[in-house]
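Scroll down for the structure; my scribbles are underneath it.
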Amino acid sequence: MEWGETPRRVSAMSGGARWRPLGPWMPWVAAALMCAVLLAAAFIIRRSALESSTLVVRGMSTVMMNAGLEAFREGTGVPSQQQLDAFLEAHREGGLRYVAIFEDGRVMASAGVGSVGEYQEGLVMRIEGGRGRVIHRLRKPKPVEAVAAVNGTPPAVDAGAAPADGRRNLRIGYEFEPVTASELKERSQGMLVVAVVSCVGILALAFAFSRSLAQREALALELERGRRLAALGTMSAVLAHELRNPLASLKGHSQLLAERVEGDEVLRPKADRIVNEAVRLEQLTNDLLAFVRSGELRRTGTDPNEVLRAAVEATGEARVEAHYLPGRERWELDAGRFQQALENVLRNAVQVSPEGRRVEVDAVREGSSLVFIVKDHGPGIPRGDEERIFEPFVTGRLRGVGLGLAITRRIVELHGGSISARTRAEGGAEFRLIVPARGG
């Protein structure tokens, strides 16, 4: 049998150490590290930009406050509309959008467009629309204690009584757009978006690179397998041709000897043993020649049911339960060689199945492909050997050289198909021989 036990190498040829390129998972590791560094840097920059924008807004609040104190320090009454308009225009490029003079919660004069008019004494409103607000006393004889409202943080406003110098209890409020802070936020946001897009691109490149590496490795393994098979084929062909003629002579003479000693109870078993061993060696040479046989196929329109029926009859109908295609179909097959492929799998399945358990084989259509499914009741396939059992000279038996499944795979692949094996959950092995429609 070629599965059911730990496969052993019959041939002394190891094929040399296989060169395996860099694992396909390495690009993913490199891409993950690059993305982690890139995103970390982008988030750090984003956080720094947000902190800097807060400082910028606070700085703008201080600048506005000092500018207002400087512009309206003269006089004791409400600044004129012309003064407020001039102050607004002078600081418009800096982001100022609204300025208003309050007294006891009422707007006495204003310039620009804003919503600070809802200000009440001792209360600073929450920021809306991305604007900052500053509210402080208009004039004080002592150093000014300003109230800056940034991002809705309520300052400690000194509602206070009337100033000691007799001036009116006026307050001035500003509403401004933090242009520089907004630019910092937008740029940091843009950098974060660029970092995310770059990570997507890096991962896409890693995927493409890993696929390329996997394909390269598969190609290298296939080339190595082809090289080994070519070497084995050459050796097998030479060995088979050299053994064929002596074996034919040995077989013929041993059969003659067996006929002459037919009545001798001592010599007859020995002669029969010679004949049997000669037949076994002849089968081995035939297998070797089949393994190195030319890849040319003689495909004709063939009924798959007839091919399967012939393989079942050759294996033994008492041990095989076959389920055929429901109708008659014509499939482009080399009937003789594909029958040989099916026989190899069925014989192996019968050998590993216990006495009284029939091997099951089904012929089905899956899409545009013809599939033969063979199920046995043996111990299954050792984990990790699902592909190795199809290599030549790999066998789990003490007798045999492990060419049956290798020949089967070659025949199926010559038909443009594939063969796979697995261990079933309910026990035993399952082989699938898939043959696509010709030209498909």
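Just so we're on the same page: first chain in the structure tokens is A, next is B, and so on; residues restart at 1 for each chain, and ligands are numbered from 1 in the order they show up.
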* Find the spatial neighbours of A:Pro436, counting only C-alpha atoms, within a cut-off of 9 Å - ignore same-chain residues fewer than 6 positions away - and output them as a VMD selection string. => chain A and resid 367 to 371 415 to 418
Written selection (all heavy atoms) as a compact mmCIF listing (two decimals), in the first residue's frame:
```txt
# COMPACT_ATOMS: atom_id res chain seq x y z
N GLY A 367 -19.48 21.10 -11.98
CA GLY A 367 -19.27 22.18 -12.93
C GLY A 367 -18.94 21.61 -14.31
O GLY A 367 -19.66 20.78 -14.86
N SER A 368 -17.82 22.03 -14.85
CA SER A 368 -17.39 21.53 -16.15
C SER A 368 -16.34 20.44 -16.02
O SER A 368 -15.66 20.13 -17.00
CB SER A 368 -16.82 22.69 -16.98
OG SER A 368 -15.70 23.27 -16.33
N SER A 369 -16.20 19.87 -14.84
CA SER A 369 -15.17 18.85 -14.60
C SER A 369 -15.80 17.50 -14.30
O SER A 369 -16.91 17.41 -13.76
CB SER A 369 -14.26 19.26 -13.45
OG SER A 369 -13.56 20.44 -13.75
N LEU A 370 -15.08 16.47 -14.66
CA LEU A 370 -15.44 15.09 -14.33
C LEU A 370 -14.61 14.68 -13.13
O LEU A 370 -13.39 14.85 -13.12
CB LEU A 370 -15.16 14.17 -15.52
CG LEU A 370 -15.31 12.67 -15.30
CD1 LEU A 370 -16.77 12.31 -15.03
CD2 LEU A 370 -14.77 11.90 -16.50
N VAL A 371 -15.27 14.15 -12.10
CA VAL A 371 -14.59 13.82 -10.85
C VAL A 371 -14.87 12.37 -10.48
O VAL A 371 -16.02 11.94 -10.47
CB VAL A 371 -15.05 14.75 -9.70
CG1 VAL A 371 -14.27 14.43 -8.42
CG2 VAL A 371 -14.87 16.22 -10.08
N HIS A 415 -3.91 14.60 -18.56
CA HIS A 415 -5.27 14.93 -19.01
C HIS A 415 -5.66 16.36 -18.62
O HIS A 415 -6.81 16.76 -18.82
CB HIS A 415 -6.28 13.94 -18.43
CG HIS A 415 -6.32 12.62 -19.13
ND1 HIS A 415 -5.40 11.61 -18.89
CD2 HIS A 415 -7.16 12.13 -20.11
CE1 HIS A 415 -5.68 10.57 -19.66
NE2 HIS A 415 -6.74 10.85 -20.40
N GLY A 416 -4.72 17.11 -18.03
CA GLY A 416 -5.01 18.48 -17.61
C GLY A 416 -5.72 18.57 -16.28
O GLY A 416 -6.24 19.63 -15.92
N GLY A 417 -5.76 17.46 -15.52
CA GLY A 417 -6.47 17.45 -14.25
C GLY A 417 -5.55 17.42 -13.06
O GLY A 417 -4.37 17.74 -13.15
N SER A 418 -6.11 17.02 -11.93
CA SER A 418 -5.35 16.96 -10.69
C SER A 418 -5.90 15.84 -9.82
O SER A 418 -7.03 15.39 -9.99
CB SER A 418 -5.44 18.30 -9.94
OG SER A 418 -6.79 18.57 -9.57
```
7 Å contact set for stretch 174-185 of chain A, only C-alpha atoms, chain neighbours under 3 positions out, as a PyMOL selection string: chain A and resi 49-50+53+56-57+95-100+114+130-135+188-189
Save the residues we just selected, N, CA and C atoms, as a short mmCIF file (atom, residue, chain, number, x, y, z; two decimals), in the first residue's frame?
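Result saved to selection-v9.cif:
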```cif
data_model
loop_
_atom_site.label_atom_id
_atom_site.label_comp_id
_atom_site.auth_asym_id
_atom_site.auth_seq_id
_atom_site.Cartn_x
_atom_site.Cartn_y
_atom_site.Cartn_z
N ALA A 49 -0.19 68.53 16.85
CA ALA A 49 -0.87 69.61 16.15
C ALA A 49 -2.08 70.09 16.94
N LEU A 50 -2.82 69.16 17.53
CA LEU A 50 -3.99 69.56 18.32
C LEU A 50 -3.58 70.36 19.55
N SER A 53 -2.46 73.73 18.36
CA SER A 53 -3.59 74.58 17.96
C SER A 53 -4.26 75.21 19.18
N VAL A 56 -2.10 77.98 20.17
CA VAL A 56 -2.25 79.08 19.22
C VAL A 56 -3.51 79.88 19.50
N VAL A 57 -4.62 79.19 19.79
CA VAL A 57 -5.87 79.88 20.09
C VAL A 57 -5.73 80.73 21.35
N GLY A 95 -7.92 86.99 11.91
CA GLY A 95 -9.01 86.08 12.25
C GLY A 95 -10.17 86.73 12.97
N LEU A 96 -10.09 88.02 13.34
CA LEU A 96 -11.16 88.68 14.07
C LEU A 96 -12.40 88.79 13.17
N ARG A 97 -13.56 88.39 13.69
CA ARG A 97 -14.79 88.43 12.92
C ARG A 97 -15.90 89.26 13.59
N TYR A 98 -15.74 89.51 14.88
CA TYR A 98 -16.82 90.22 15.58
C TYR A 98 -16.22 90.85 16.83
N VAL A 99 -16.65 92.08 17.13
CA VAL A 99 -16.26 92.78 18.34
C VAL A 99 -17.49 93.52 18.86
N ALA A 100 -17.72 93.47 20.15
CA ALA A 100 -18.91 94.08 20.75
C ALA A 100 -18.56 94.67 22.11
N GLY A 114 -21.43 88.01 14.59
CA GLY A 114 -21.09 87.05 15.62
C GLY A 114 -22.27 86.78 16.50
N GLY A 130 -16.49 76.66 15.64
CA GLY A 130 -15.04 76.72 15.53
C GLY A 130 -14.45 78.09 15.81
N ARG A 131 -15.18 78.96 16.52
CA ARG A 131 -14.67 80.30 16.85
C ARG A 131 -14.28 80.39 18.32
N GLY A 132 -13.25 81.22 18.57
CA GLY A 132 -12.83 81.48 19.94
C GLY A 132 -13.39 82.82 20.40
N ARG A 133 -13.56 82.96 21.73
CA ARG A 133 -14.11 84.20 22.28
C ARG A 133 -13.23 84.70 23.42
N VAL A 134 -13.14 86.03 23.50
CA VAL A 134 -12.44 86.69 24.59
C VAL A 134 -13.35 87.78 25.13
N ILE A 135 -13.52 87.82 26.43
CA ILE A 135 -14.34 88.86 27.07
C ILE A 135 -13.58 89.39 28.28
N SER A 188 -2.46 68.22 9.85
CA SER A 188 -2.24 66.97 10.60
C SER A 188 -3.24 65.91 10.19
N GLN A 189 -4.50 66.35 9.94
CA GLN A 189 -5.50 65.40 9.46
C GLN A 189 -5.12 64.86 8.09
#
```
Next item on the list: Measuring atom to atom with only C-alpha atoms, identify which of A:Ala30, A:Ile44, A:Ile172, A:Leu257 is nearest to A:Met65.
Entry: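 Among A:Ala30, A:Ile44, A:Ile172, A:Leu257, it is A:Ile172 that comes nearest to A:Met65.
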DSSP strand (DSSP E or B) residues within stretch 211-425 of chain A, as a ChimeraX atom specification: /A:300-302,320-323,331-333,359-366,369-375,394-395,418-423
Resulting file, chosen residues, N, CA and C atoms, as a compact mmCIF listing (two decimals), in the first residue's frame:
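Saved as out38.txt:
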```
# COMPACT_ATOMS: atom_id res chain seq x y z
N THR A 300 -9.87 10.11 -27.07
CA THR A 300 -11.02 9.92 -27.95
C THR A 300 -12.29 10.13 -27.14
N GLY A 301 -13.39 10.32 -27.81
CA GLY A 301 -14.66 10.44 -27.12
C GLY A 301 -15.02 9.15 -26.41
N THR A 302 -14.95 9.16 -25.09
CA THR A 302 -15.10 7.94 -24.29
C THR A 302 -16.18 8.15 -23.24
N VAL A 320 -15.59 -3.69 -4.57
CA VAL A 320 -15.77 -2.29 -4.95
C VAL A 320 -17.26 -2.02 -5.23
N GLU A 321 -17.78 -0.96 -4.64
CA GLU A 321 -19.14 -0.51 -4.89
C GLU A 321 -19.07 0.77 -5.71
N ALA A 322 -19.52 0.71 -6.95
CA ALA A 322 -19.38 1.83 -7.87
C ALA A 322 -20.72 2.52 -8.09
N HIS A 323 -20.66 3.84 -8.21
CA HIS A 323 -21.83 4.66 -8.55
C HIS A 323 -21.47 5.46 -9.80
N TRP A 331 -16.52 11.84 -23.14
CA TRP A 331 -15.46 12.64 -22.55
C TRP A 331 -14.15 12.34 -23.27
N GLU A 332 -13.38 13.39 -23.50
CA GLU A 332 -12.10 13.22 -24.19
C GLU A 332 -11.08 12.63 -23.23
N LEU A 333 -10.90 11.29 -23.31
CA LEU A 333 -9.98 10.58 -22.42
C LEU A 333 -9.15 9.59 -23.22
N VAL A 359 -14.91 -0.91 -0.96
CA VAL A 359 -14.44 0.42 -1.36
C VAL A 359 -15.53 1.09 -2.19
N GLU A 360 -15.72 2.39 -1.99
CA GLU A 360 -16.74 3.14 -2.71
C GLU A 360 -16.06 4.04 -3.75
N VAL A 361 -16.61 4.06 -4.96
CA VAL A 361 -16.12 4.94 -6.00
C VAL A 361 -17.31 5.58 -6.70
N ASP A 362 -17.26 6.89 -6.86
CA ASP A 362 -18.34 7.65 -7.48
C ASP A 362 -17.80 8.43 -8.67
N ALA A 363 -18.58 8.45 -9.73
CA ALA A 363 -18.29 9.31 -10.87
C ALA A 363 -19.34 10.40 -10.90
N VAL A 364 -18.91 11.65 -10.78
CA VAL A 364 -19.85 12.76 -10.70
C VAL A 364 -19.37 13.91 -11.59
N ARG A 365 -20.28 14.83 -11.84
CA ARG A 365 -19.95 16.07 -12.55
C ARG A 365 -19.93 17.20 -11.55
N GLU A 366 -18.87 17.98 -11.54
CA GLU A 366 -18.78 19.18 -10.72
C GLU A 366 -18.45 20.34 -11.64
N SER A 369 -16.20 19.87 -14.84
CA SER A 369 -15.17 18.85 -14.60
C SER A 369 -15.80 17.50 -14.30
N LEU A 370 -15.08 16.47 -14.66
CA LEU A 370 -15.44 15.09 -14.33
C LEU A 370 -14.61 14.68 -13.13
N VAL A 371 -15.27 14.15 -12.10
CA VAL A 371 -14.59 13.82 -10.85
C VAL A 371 -14.87 12.37 -10.48
N PHE A 372 -13.78 11.64 -10.16
CA PHE A 372 -13.89 10.28 -9.63
C PHE A 372 -13.47 10.35 -8.16
N ILE A 373 -14.34 9.89 -7.29
CA ILE A 373 -14.09 9.95 -5.84
C ILE A 373 -13.99 8.52 -5.32
N VAL A 374 -12.84 8.19 -4.75
CA VAL A 374 -12.60 6.84 -4.22
C VAL A 374 -12.45 6.95 -2.70
N LYS A 375 -13.26 6.15 -1.97
CA LYS A 375 -13.24 6.17 -0.50
C LYS A 375 -12.93 4.77 0.01
N VAL A 394 7.78 6.25 -2.90
CA VAL A 394 7.32 6.45 -1.53
C VAL A 394 6.24 5.42 -1.27
N THR A 395 6.41 4.58 -0.28
CA THR A 395 5.45 3.52 -0.01
C THR A 395 5.44 3.21 1.47
N SER A 418 -6.11 17.02 -11.93
CA SER A 418 -5.35 16.96 -10.69
C SER A 418 -5.90 15.84 -9.82
N ILE A 419 -5.07 15.41 -8.87
CA ILE A 419 -5.48 14.38 -7.92
C ILE A 419 -5.10 14.85 -6.53
N SER A 420 -5.97 14.60 -5.58
CA SER A 420 -5.72 14.99 -4.19
C SER A 420 -6.19 13.88 -3.27
N ALA A 421 -5.68 13.92 -2.05
CA ALA A 421 -6.04 12.90 -1.06
C ALA A 421 -6.19 13.56 0.30
N ARG A 422 -7.07 13.00 1.10
CA ARG A 422 -7.26 13.49 2.46
C ARG A 422 -7.80 12.37 3.32
N THR A 423 -7.70 12.53 4.63
CA THR A 423 -8.28 11.58 5.57
C THR A 423 -9.68 12.05 5.93
```
If we count only C-alpha atoms and set the cut-off at 8 Å, which residues sit around A:Ala258, ignoring sequence neighbours fewer than 3 positions away in its own chain? Please answer as a list of chain:residue names.
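In the requested form, the answer reads A:Ser254, A:Gln255, A:Val261, A:Glu262, A:Arg268, A:Ala271, A:Asp272, A:Val275.
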Output file for the residues above (N, CA, C and O atoms, as a compact mmCIF listing (two decimals), in the first residue's frame):
```txt
# COMPACT_ATOMS: atom_id res chain seq x y z
N SER A 254 11.31 -20.90 -15.91
CA SER A 254 10.74 -21.33 -14.63
C SER A 254 9.35 -21.93 -14.82
O SER A 254 8.97 -22.88 -14.12
N GLN A 255 8.60 -21.43 -15.79
CA GLN A 255 7.29 -22.03 -16.07
C GLN A 255 7.44 -23.43 -16.66
O GLN A 255 6.67 -24.35 -16.32
N VAL A 261 7.97 -30.56 -13.08
CA VAL A 261 8.00 -31.10 -11.70
C VAL A 261 6.62 -30.99 -11.07
O VAL A 261 6.49 -30.89 -9.85
N GLU A 262 5.57 -31.00 -11.89
CA GLU A 262 4.22 -30.82 -11.38
C GLU A 262 3.85 -31.88 -10.36
O GLU A 262 3.15 -31.58 -9.38
N ARG A 268 7.88 -28.84 -6.69
CA ARG A 268 6.80 -28.03 -7.27
C ARG A 268 6.62 -26.69 -6.53
O ARG A 268 6.55 -25.63 -7.17
N ALA A 271 9.46 -24.38 -7.54
CA ALA A 271 9.33 -23.89 -8.91
C ALA A 271 8.24 -22.82 -9.01
O ALA A 271 8.40 -21.81 -9.71
N ASP A 272 7.13 -23.04 -8.30
CA ASP A 272 6.06 -22.04 -8.31
C ASP A 272 6.53 -20.71 -7.70
O ASP A 272 6.14 -19.62 -8.17
N VAL A 275 8.45 -18.85 -10.29
CA VAL A 275 7.54 -18.25 -11.28
C VAL A 275 6.89 -16.99 -10.71
O VAL A 275 6.82 -15.94 -11.37
```
Here atom CA of A:Val412 and atom CA of A:Ala311 stand apart by 15.0 Å
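In this structure, atom CA of A:Glu296 sits 16.9 Å away from atom CA of A:Ala406.
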* To do: Take atom CA of A:Glu265 and atom CA of A:His253 and report the distance between them in Å, one decimal.
  =>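 Taking atom CA of A:Glu265 and atom CA of A:His253, their separation equals 19.1 Å.
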Mind listing the alpha helix (DSSP H) residues of stretch 233-339 of chain A, per DSSP on the backbone, as a ChimeraX atom specification? /A:233-260,267-291,304-315,335-339
Close residues, A:Leu247 itself excluded, 9 Å, only C-alpha atoms, min 4 positions apart in chain, as a compact mmCIF listing (two decimals) with N, CA and C atoms, in the first residue's frame:
```txt
# COMPACT_ATOMS: atom_id res chain seq x y z
N LEU A 243 16.51 -5.23 -17.51
CA LEU A 243 15.96 -6.38 -16.80
C LEU A 243 14.92 -7.15 -17.60
N LYS A 251 11.40 -16.16 -16.56
CA LYS A 251 10.01 -16.54 -16.38
C LYS A 251 9.64 -17.73 -17.24
N GLY A 252 10.05 -17.70 -18.50
CA GLY A 252 9.72 -18.80 -19.40
C GLY A 252 10.31 -20.12 -18.93
N ALA A 278 9.31 -14.15 -10.51
CA ALA A 278 9.59 -13.64 -11.85
C ALA A 278 8.45 -12.77 -12.35
N VAL A 279 7.20 -13.20 -12.05
CA VAL A 279 6.04 -12.39 -12.44
C VAL A 279 6.05 -11.05 -11.71
N LEU A 281 8.68 -9.43 -10.58
CA LEU A 281 9.72 -8.59 -11.16
C LEU A 281 9.29 -8.05 -12.52
N GLU A 282 8.56 -8.88 -13.26
CA GLU A 282 8.06 -8.41 -14.55
C GLU A 282 7.07 -7.25 -14.37
```
